[in-house]
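What follows is the content of input35.pdb (PDB, C-alpha atoms, pLDDT in the B column).
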MODEL        1
ATOM      1  CA  MET F   1     -31.939  58.291  58.450  1.00 70.00           C
ATOM      2  CA  LEU F   2     -30.548  60.201  55.485  1.00 76.00           C
ATOM      3  CA  ILE F   3     -31.551  57.329  53.204  1.00 74.00           C
ATOM      4  CA  THR F   4     -35.181  57.825  54.186  1.00 80.00           C
ATOM      5  CA  TYR F   5     -34.875  61.552  53.512  1.00 83.00           C
ATOM      6  CA  ALA F   6     -33.229  60.913  50.122  1.00 78.00           C
ATOM      7  CA  ILE F   7     -35.957  58.464  49.120  1.00 77.00           C
ATOM      8  CA  GLY F   8     -38.568  61.071  50.032  1.00 83.00           C
ATOM      9  CA  LYS F   9     -36.850  63.771  47.957  1.00 83.00           C
ATOM     10  CA  GLY F  10     -35.835  61.868  44.821  1.00 76.00           C
ATOM     11  CA  PRO F  11     -36.350  58.778  42.700  1.00 79.00           C
ATOM     12  CA  ILE F  12     -35.788  55.500  44.510  1.00 76.00           C
ATOM     13  CA  ALA F  13     -33.710  54.126  41.618  1.00 73.00           C
ATOM     14  CA  LEU F  14     -31.156  56.911  41.957  1.00 73.00           C
ATOM     15  CA  VAL F  15     -30.953  56.579  45.738  1.00 74.00           C
ATOM     16  CA  SER F  16     -30.528  52.823  45.422  1.00 74.00           C
ATOM     17  CA  ALA F  17     -27.801  53.186  42.798  1.00 73.00           C
ATOM     18  CA  LEU F  18     -25.862  55.592  44.988  1.00 73.00           C
ATOM     19  CA  GLY F  19     -26.254  53.223  47.917  1.00 75.00           C
ATOM     20  CA  GLY F  20     -24.761  50.457  45.797  1.00 73.00           C
ATOM     21  CA  ALA F  21     -21.660  52.577  45.256  1.00 76.00           C
ATOM     22  CA  ARG F  22     -20.997  52.712  49.014  1.00 82.00           C
ATOM     23  CA  PRO F  23     -18.116  50.159  48.884  1.00 82.00           C
ATOM     24  CA  ILE F  24     -16.219  52.483  46.534  1.00 84.00           C
ATOM     25  CA  PHE F  25     -16.475  55.332  49.032  1.00 85.00           C
ATOM     26  CA  VAL F  26     -15.490  53.119  51.968  1.00 85.00           C
ATOM     27  CA  PHE F  27     -12.476  51.759  50.057  1.00 84.00           C
ATOM     28  CA  SER F  28     -11.279  55.193  48.953  1.00 85.00           C
ATOM     29  CA  MET F  29     -11.727  56.834  52.356  1.00 87.00           C
ATOM     30  CA  THR F  30      -9.901  53.956  54.076  1.00 84.00           C
ATOM     31  CA  ALA F  31      -7.051  54.103  51.557  1.00 83.00           C
ATOM     32  CA  LEU F  32      -6.740  57.876  51.939  1.00 86.00           C
ATOM     33  CA  ALA F  33      -6.846  57.707  55.738  1.00 84.00           C
ATOM     34  CA  ALA F  34      -4.186  54.990  55.829  1.00 81.00           C
ATOM     35  CA  ARG F  35      -1.995  56.974  53.439  1.00 82.00           C
ATOM     36  CA  PHE F  36      -2.269  60.490  54.895  1.00 86.00           C
ATOM     37  CA  ALA F  37      -3.157  59.784  58.551  1.00 84.00           C
ATOM     38  CA  PRO F  38      -1.504  56.477  59.443  1.00 80.00           C
ATOM     39  CA  GLY F  39      -2.130  57.034  63.168  1.00 84.00           C
ATOM     40  CA  LEU F  40      -5.861  57.303  62.548  1.00 82.00           C
ATOM     41  CA  ILE F  41      -6.344  53.841  61.086  1.00 78.00           C
ATOM     42  CA  TYR F  42      -4.188  50.746  61.088  1.00 77.00           C
ATOM     43  CA  GLU F  43      -4.639  48.915  57.826  1.00 73.00           C
ATOM     44  CA  LYS F  44      -2.104  46.848  55.928  1.00 73.00           C
ATOM     45  CA  PHE F  45      -1.723  48.381  52.468  1.00 76.00           C
ATOM     46  CA  THR F  46       0.836  46.618  50.323  1.00 82.00           C
ATOM     47  CA  LYS F  47       0.383  46.683  46.560  1.00 85.00           C
ATOM     48  CA  ALA F  48      -1.007  43.136  46.611  1.00 91.00           C
ATOM     49  CA  ASP F  49      -3.461  44.028  49.390  1.00 86.00           C
ATOM     50  CA  MET F  50      -4.589  47.149  47.553  1.00 84.00           C
ATOM     51  CA  ALA F  51      -5.155  45.179  44.354  1.00 89.00           C
ATOM     52  CA  LEU F  52      -7.157  42.511  46.193  1.00 90.00           C
ATOM     53  CA  LYS F  53      -9.294  45.086  48.005  1.00 85.00           C
ATOM     54  CA  LEU F  54      -9.892  47.033  44.801  1.00 87.00           C
ATOM     55  CA  VAL F  55     -10.935  43.911  42.884  1.00 92.00           C
ATOM     56  CA  SER F  56     -13.219  42.868  45.756  1.00 89.00           C
ATOM     57  CA  THR F  57     -14.833  46.306  45.833  1.00 85.00           C
ATOM     58  CA  LEU F  58     -15.376  46.285  42.078  1.00 87.00           C
ATOM     59  CA  MET F  59     -16.937  42.821  42.273  1.00 89.00           C
ATOM     60  CA  ILE F  60     -19.407  44.027  44.915  1.00 84.00           C
ATOM     61  CA  VAL F  61     -20.362  47.045  42.819  1.00 81.00           C
ATOM     62  CA  ALA F  62     -20.713  44.872  39.703  1.00 85.00           C
ATOM     63  CA  ALA F  63     -23.011  42.507  41.594  1.00 84.00           C
ATOM     64  CA  VAL F  64     -25.181  45.421  42.728  1.00 77.00           C
ATOM     65  CA  VAL F  65     -25.382  46.687  39.139  1.00 78.00           C
ATOM     66  CA  ILE F  66     -26.338  43.251  37.828  1.00 83.00           C
ATOM     67  CA  ILE F  67     -29.008  42.812  40.496  1.00 77.00           C
ATOM     68  CA  SER F  68     -30.372  46.312  39.827  1.00 72.00           C
ATOM     69  CA  VAL F  69     -30.574  45.774  36.057  1.00 76.00           C
ATOM     70  CA  VAL F  70     -32.164  42.325  36.212  1.00 70.00           C
TER      71      VAL F  70
ENDMDL
END
Take the structure in this file and express it as structure tokens.
Amino acid sequence: MLITYAIGKGPIALVSALGGARPIFVFSMTALAARFAPGLIYEKFTKADMALKLVSTLMIVAAVVIISVV
């Protein structure tokens, strides 16, 4: 619903680019919640898991950027 509002108020390219950055926000909010409120979310966060999740998130964002540019 807010996406429709944002598209109506601004350029579609900017709204689309911000939508492509969604995995970064999901990753950071999950990491923060697991770190500071461990009872709120149960997520395994070892250093290896964090590195894998970060690389996966960056690959998704890179794919969105490549698709948007081409």
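Nearest to F:Ser68 of all the residues F:Ala51, F:Ala33, F:Val15, F:Met1 is F:Val15, based on only C-alpha atoms.
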Quiz prompt | Gap from atom CA of F:Thr30 to atom CA of F:Val69 - Å, one decimal | solution = 28.6 Å
Pick out the residues sitting within 9 Å of F:Ile24, and hand them over as a PDB file with C-alpha atoms, in the coordinates of the input; count all atoms listed in the file, and ignore anything fewer than 6 positions along from it in its own chain.
ATOM      1  CA  LEU F  54      -9.892  47.033  44.801  1.00 87.00           C
ATOM      2  CA  THR F  57     -14.833  46.306  45.833  1.00 85.00           C
ATOM      3  CA  LEU F  58     -15.376  46.285  42.078  1.00 87.00           C
ATOM      4  CA  VAL F  61     -20.362  47.045  42.819  1.00 81.00           C
TER       5      VAL F  61
END
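Distance-wise, atom CA of F:Met50 and atom CA of F:Ala34 end up 11.4 Å apart.
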Self-check item: Top pick for closest residue to F:Pro23, considering F:Ala48, F:Ile7, F:Ile41, F:Ile60 and counting only C-alpha atoms
Solution: F:Ile60
Set up a box along x, y and z of the file covering all listed atoms of stretch 48-57 of chain F, add 3 Å on every one of the six sides, and write the centre and edge lengths in Å to one decimal, as lines of an AutoDock Vina configuration file.
center_x = -7.9
center_y = 44.8
center_z = 46.1
size_x = 19.8
size_y = 10.6
size_z = 12.5
